[in-house]
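Quick look at upload.pdb (PDB, C-alpha atoms):
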ATOM      1  CA  MET Z   1      -7.976  60.469  48.638
ATOM      2  CA  LEU Z   2      -9.661  62.747  46.156
ATOM      3  CA  ALA Z   3      -9.816  66.516  46.739
ATOM      4  CA  MET Z   4     -12.269  68.748  44.913
ATOM      5  CA  LEU Z   5     -13.743  72.221  45.012
ATOM      6  CA  LEU Z   6     -17.344  72.261  43.821
ATOM      7  CA  ALA Z   7     -19.538  75.137  42.707
ATOM      8  CA  ASP Z   8     -22.534  76.104  44.813
ATOM      9  CA  ASP Z   9     -24.717  73.705  42.808
ATOM     10  CA  ARG Z  10     -22.529  70.812  44.111
ATOM     11  CA  GLU Z  11     -22.416  69.407  40.572
ATOM     12  CA  ARG Z  12     -19.589  71.195  38.743
ATOM     13  CA  TYR Z  13     -15.921  71.427  39.630
ATOM     14  CA  VAL Z  14     -14.631  74.977  40.106
ATOM     15  CA  ILE Z  15     -11.105  73.722  39.411
ATOM     16  CA  PRO Z  16      -9.959  70.225  38.395
ATOM     17  CA  ALA Z  17     -10.020  67.575  41.136
ATOM     18  CA  LEU Z  18      -6.820  66.220  42.702
ATOM     19  CA  ASP Z  19      -6.134  62.499  42.747
ATOM     20  CA  ARG Z  20      -3.921  60.871  45.404
ATOM     21  CA  ALA Z  21      -4.427  63.915  47.632
ATOM     22  CA  GLN Z  22      -2.480  64.291  50.864
ATOM     23  CA  VAL Z  23      -3.265  66.825  53.582
ATOM     24  CA  THR Z  24      -0.545  68.549  55.599
ATOM     25  CA  GLU Z  25      -1.397  70.839  58.486
ATOM     26  CA  VAL Z  26       0.588  74.080  58.828
ATOM     27  CA  ASP Z  27       0.263  76.992  61.273
ATOM     28  CA  ALA Z  28      -1.981  79.138  59.086
ATOM     29  CA  GLY Z  29      -4.066  76.365  57.477
ATOM     30  CA  LEU Z  30      -3.679  73.234  55.344
ATOM     31  CA  PHE Z  31      -1.765  72.201  52.250
ATOM     32  CA  ILE Z  32      -3.467  69.701  49.948
ATOM     33  CA  ASP Z  33      -1.021  68.075  47.527
ATOM     34  CA  GLY Z  34      -2.096  65.826  44.683
ATOM     35  CA  ILE Z  35      -2.140  65.146  40.977
ATOM     36  CA  GLU Z  36      -4.510  66.791  38.511
ATOM     37  CA  VAL Z  37      -5.314  64.105  35.926
ATOM     38  CA  ASN Z  38      -6.580  65.235  32.508
ATOM     39  CA  PRO Z  39      -7.491  62.188  30.388
ATOM     40  CA  ARG Z  40      -6.786  62.297  26.646
ATOM     41  CA  GLY Z  41      -8.921  60.349  24.209
ATOM     42  CA  ARG Z  42     -11.742  57.926  24.872
ATOM     43  CA  GLY Z  43     -10.087  54.554  24.261
ATOM     44  CA  SER Z  44     -10.680  52.029  27.012
ATOM     45  CA  LYS Z  45      -7.629  49.883  26.220
ATOM     46  CA  ASN Z  46      -4.891  52.486  26.106
ATOM     47  CA  ILE Z  47      -5.831  55.297  28.468
ATOM     48  CA  LYS Z  48      -3.479  58.265  28.357
ATOM     49  CA  SER Z  49      -3.547  61.338  30.509
ATOM     50  CA  ASP Z  50      -1.679  64.523  31.248
ATOM     51  CA  ASP Z  51      -0.777  64.604  34.961
ATOM     52  CA  TYR Z  52       0.051  67.866  36.727
ATOM     53  CA  PRO Z  53       1.269  68.071  40.340
ATOM     54  CA  GLN Z  54      -0.758  70.619  42.316
ATOM     55  CA  ARG Z  55      -0.617  72.142  45.790
ATOM     56  CA  TRP Z  56      -3.575  73.952  47.267
ATOM     57  CA  PHE Z  57      -3.443  76.117  50.370
ATOM     58  CA  CYS Z  58      -6.632  76.184  52.435
ATOM     59  CA  ARG Z  59      -7.475  78.348  55.404
ATOM     60  CA  PRO Z  60     -10.412  76.732  57.264
ATOM     61  CA  ILE Z  61     -13.039  79.061  58.660
ATOM     62  CA  PRO Z  62     -14.269  77.899  62.076
ATOM     63  CA  HIS Z  63     -17.992  77.870  62.654
ATOM     64  CA  PRO Z  64     -19.678  78.020  66.039
ATOM     65  CA  PRO Z  65     -19.772  74.736  67.949
ATOM     66  CA  ALA Z  66     -22.997  72.767  67.967
ATOM     67  CA  PRO Z  67     -24.821  72.985  71.294
ATOM     68  CA  ASP Z  68     -25.515  69.257  71.379
ATOM     69  CA  PRO Z  69     -22.782  66.656  70.587
ATOM     70  CA  ALA Z  70     -25.369  64.162  69.298
ATOM     71  CA  ALA Z  71     -26.776  66.795  66.914
ATOM     72  CA  ALA Z  72     -23.238  67.610  65.740
ATOM     73  CA  ARG Z  73     -22.558  63.924  64.979
ATOM     74  CA  LEU Z  74     -25.857  63.648  63.086
ATOM     75  CA  GLU Z  75     -25.053  66.767  61.048
ATOM     76  CA  ALA Z  76     -21.553  65.439  60.259
ATOM     77  CA  ARG Z  77     -22.980  62.077  59.163
ATOM     78  CA  ARG Z  78     -25.548  63.742  56.866
ATOM     79  CA  HIS Z  79     -22.822  65.937  55.392
ATOM     80  CA  ALA Z  80     -20.553  62.925  54.786
ATOM     81  CA  GLU Z  81     -23.397  60.956  53.174
ATOM     82  CA  ALA Z  82     -24.194  63.894  50.888
ATOM     83  CA  ILE Z  83     -20.551  64.133  49.820
ATOM     84  CA  GLY Z  84     -20.378  60.364  49.229
ATOM     85  CA  ALA Z  85     -23.512  60.407  47.098
ATOM     86  CA  MET Z  86     -22.245  63.388  45.126
ATOM     87  CA  VAL Z  87     -18.861  61.794  44.409
ATOM     88  CA  THR Z  88     -20.273  58.448  43.319
ATOM     89  CA  ARG Z  89     -23.079  59.616  41.056
ATOM     90  CA  ARG Z  90     -22.381  60.330  37.413
ATOM     91  CA  SER Z  91     -22.996  64.009  36.788
ATOM     92  CA  THR Z  92     -22.271  66.873  34.454
ATOM     93  CA  ARG Z  93     -19.591  68.327  36.705
ATOM     94  CA  ARG Z  94     -16.920  66.289  34.935
ATOM     95  CA  SER Z  95     -17.654  67.888  31.577
ATOM     96  CA  GLY Z  96     -16.758  71.456  32.480
ATOM     97  CA  PHE Z  97     -15.949  73.906  35.181
ATOM     98  CA  ALA Z  98     -18.090  76.523  36.825
ATOM     99  CA  SER Z  99     -17.511  80.086  35.736
ATOM    100  CA  PRO Z 100     -16.457  82.597  38.416
ATOM    101  CA  LYS Z 101     -19.819  84.369  37.945
ATOM    102  CA  GLY Z 102     -21.755  81.191  38.786
ATOM    103  CA  ASP Z 103     -23.108  80.637  35.242
TER
END

How does the structure come out when it is put into structure tokens?
Amino acid sequence: MLAMLLADDRERYVIPALDRAQVTEVDAGLFIDGIEVNPRGRGSKNIKSDDYPQRWFCRPIPHPPAPDPAAARLEARRHAEAIGAMVTRRSTRRSGFASPKGD
């Protein structure tokens, strides 16, 4: 799995993405463990990277339940499709990170 935190524009990473992410549920929230991979160089034959183990703690914020289960499923599907499209398209988010001020 890949874990990422995107800026409000859904294009730029706020912090580097985690590869090989694993989610562990704890009483107060979730731990997401993975590897931050920072590639070095542009060679396609001998790819080198700096790998850093990371652990994120997340506290989910519940939102009110949808009144209609069918509408909730439709909303979840649209959300999943939007995430899938965002992850697979080539964008500028890989070139830099969003500033805390949203610049």

- Neighbour residues at most 9 Å from (-13.7, 67.4, 46.8) (only C-alpha atoms) as JSON, numbers by chain: {"Z": [2, 3, 4, 5, 6, 13, 17, 18, 83, 87]}

- Residue with smallest distance to Arg59 of chain Z - pool Z:Phe31, Z:Arg10, Z:Asp19, Z:Thr88, counting all atoms listed in the file: Z:Phe31

- State, in Å with one decimal place, the distance from atom CA of Trp56 of chain Z to atom CA of Gly34 of chain Z. 8.7 Å

- Choose the residue, out of Z:Gly29, Z:Ala7, Z:Asn46, Z:Met1, that has the smallest atom-to-atom separation from Pro62 of chain Z; count only C-alpha atoms.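 Counting only C-alpha atoms, the residue closest to Pro62 of chain Z is Z:Gly29.
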
- Query: Which residues fall under the PyMOL selection byres ((chain Z and resi 50) around 12) in this file, as an MDAnalysis selection string?
  - Reply: chainID Z and resid 35:41 47:49 51:53

Enclose segment 72-75 of chain Z, meaning all of its atoms listed in the file, in a box aligned along x, y and z, pad it by 6 Å on each side, and list the centre and edge lengths in Å to one decimal, as JSON.
{"center_x": -24.2, "center_y": 65.6, "center_z": 63.4, "size_x": 15.3, "size_y": 16.0, "size_z": 16.7}

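The interatomic distance for the pair atom CA of Ile15 of chain Z and atom CA of Gln54 of chain Z works out to 11.2 Å.
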
Atoms added to segment 26-49 of chain Z (N, CA and C atoms), reported as a PDB file, in the frame of the given file:
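File part_14.pdb, as written:
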ATOM      1  N   VAL Z  26      -0.418  73.065  58.541  1.00  0.00           N
ATOM      2  CA  VAL Z  26       0.588  74.080  58.828  1.00  0.00           C
ATOM      3  C   VAL Z  26      -0.042  75.106  59.758  1.00  0.00           C
ATOM      4  N   ASP Z  27       0.761  76.030  60.281  1.00  0.00           N
ATOM      5  CA  ASP Z  27       0.263  76.992  61.273  1.00  0.00           C
ATOM      6  C   ASP Z  27      -0.952  77.785  60.801  1.00  0.00           C
ATOM      7  N   ALA Z  28      -0.917  78.261  59.559  1.00  0.00           N
ATOM      8  CA  ALA Z  28      -1.981  79.138  59.086  1.00  0.00           C
ATOM      9  C   ALA Z  28      -3.129  78.400  58.395  1.00  0.00           C
ATOM     10  N   GLY Z  29      -3.010  77.091  58.175  1.00  0.00           N
ATOM     11  CA  GLY Z  29      -4.066  76.365  57.477  1.00  0.00           C
ATOM     12  C   GLY Z  29      -3.634  74.969  57.086  1.00  0.00           C
ATOM     13  N   LEU Z  30      -3.968  74.580  55.855  1.00  0.00           N
ATOM     14  CA  LEU Z  30      -3.679  73.234  55.344  1.00  0.00           C
ATOM     15  C   LEU Z  30      -3.105  73.319  53.934  1.00  0.00           C
ATOM     16  N   PHE Z  31      -2.193  72.419  53.626  1.00  0.00           N
ATOM     17  CA  PHE Z  31      -1.765  72.201  52.250  1.00  0.00           C
ATOM     18  C   PHE Z  31      -2.407  70.904  51.783  1.00  0.00           C
ATOM     19  N   ILE Z  32      -2.949  70.911  50.577  1.00  0.00           N
ATOM     20  CA  ILE Z  32      -3.467  69.701  49.948  1.00  0.00           C
ATOM     21  C   ILE Z  32      -2.647  69.491  48.683  1.00  0.00           C
ATOM     22  N   ASP Z  33      -1.860  68.421  48.673  1.00  0.00           N
ATOM     23  CA  ASP Z  33      -1.021  68.075  47.527  1.00  0.00           C
ATOM     24  C   ASP Z  33      -1.650  66.910  46.791  1.00  0.00           C
ATOM     25  N   GLY Z  34      -1.560  66.924  45.467  1.00  0.00           N
ATOM     26  CA  GLY Z  34      -2.096  65.826  44.683  1.00  0.00           C
ATOM     27  C   GLY Z  34      -1.750  65.981  43.225  1.00  0.00           C
ATOM     28  N   ILE Z  35      -2.387  65.164  42.407  1.00  0.00           N
ATOM     29  CA  ILE Z  35      -2.140  65.146  40.977  1.00  0.00           C
ATOM     30  C   ILE Z  35      -3.434  65.471  40.241  1.00  0.00           C
ATOM     31  N   GLU Z  36      -3.387  66.488  39.390  1.00  0.00           N
ATOM     32  CA  GLU Z  36      -4.510  66.791  38.511  1.00  0.00           C
ATOM     33  C   GLU Z  36      -4.363  65.882  37.294  1.00  0.00           C
ATOM     34  N   VAL Z  37      -5.359  65.058  37.032  1.00  0.00           N
ATOM     35  CA  VAL Z  37      -5.314  64.105  35.926  1.00  0.00           C
ATOM     36  C   VAL Z  37      -6.289  64.565  34.846  1.00  0.00           C
ATOM     37  N   ASN Z  38      -5.751  64.852  33.655  1.00  0.00           N
ATOM     38  CA  ASN Z  38      -6.580  65.235  32.508  1.00  0.00           C
ATOM     39  C   ASN Z  38      -6.495  64.138  31.466  1.00  0.00           C
ATOM     40  N   PRO Z  39      -7.529  63.285  31.361  1.00  0.00           N
ATOM     41  CA  PRO Z  39      -7.491  62.188  30.388  1.00  0.00           C
ATOM     42  C   PRO Z  39      -7.501  62.709  28.952  1.00  0.00           C
ATOM     43  N   ARG Z  40      -6.801  61.982  28.078  1.00  0.00           N
ATOM     44  CA  ARG Z  40      -6.786  62.297  26.646  1.00  0.00           C
ATOM     45  C   ARG Z  40      -7.391  61.122  25.906  1.00  0.00           C
ATOM     46  N   GLY Z  41      -8.303  61.404  24.998  1.00  0.00           N
ATOM     47  CA  GLY Z  41      -8.921  60.349  24.209  1.00  0.00           C
ATOM     48  C   GLY Z  41      -9.987  59.599  24.969  1.00  0.00           C
ATOM     49  N   ARG Z  42     -10.644  58.685  24.269  1.00  0.00           N
ATOM     50  CA  ARG Z  42     -11.742  57.926  24.872  1.00  0.00           C
ATOM     51  C   ARG Z  42     -11.516  56.428  24.802  1.00  0.00           C
ATOM     52  N   GLY Z  43     -10.347  55.986  24.360  1.00  0.00           N
ATOM     53  CA  GLY Z  43     -10.087  54.554  24.261  1.00  0.00           C
ATOM     54  C   GLY Z  43     -10.049  53.890  25.619  1.00  0.00           C
ATOM     55  N   SER Z  44     -10.659  52.720  25.721  1.00  0.00           N
ATOM     56  CA  SER Z  44     -10.680  52.029  27.012  1.00  0.00           C
ATOM     57  C   SER Z  44      -9.470  51.117  27.189  1.00  0.00           C
ATOM     58  N   LYS Z  45      -8.778  50.786  26.116  1.00  0.00           N
ATOM     59  CA  LYS Z  45      -7.629  49.883  26.220  1.00  0.00           C
ATOM     60  C   LYS Z  45      -6.336  50.622  26.560  1.00  0.00           C
ATOM     61  N   ASN Z  46      -6.142  51.768  25.939  1.00  0.00           N
ATOM     62  CA  ASN Z  46      -4.891  52.486  26.106  1.00  0.00           C
ATOM     63  C   ASN Z  46      -5.194  53.894  26.608  1.00  0.00           C
ATOM     64  N   ILE Z  47      -5.452  54.016  27.889  1.00  0.00           N
ATOM     65  CA  ILE Z  47      -5.831  55.297  28.468  1.00  0.00           C
ATOM     66  C   ILE Z  47      -4.576  56.132  28.709  1.00  0.00           C
ATOM     67  N   LYS Z  48      -4.587  57.346  28.174  1.00  0.00           N
ATOM     68  CA  LYS Z  48      -3.479  58.265  28.357  1.00  0.00           C
ATOM     69  C   LYS Z  48      -3.998  59.509  29.043  1.00  0.00           C
ATOM     70  N   SER Z  49      -3.131  60.130  29.820  1.00  0.00           N
ATOM     71  CA  SER Z  49      -3.547  61.338  30.509  1.00  0.00           C
ATOM     72  C   SER Z  49      -2.354  62.267  30.679  1.00  0.00           C
TER      73      SER Z  49
END
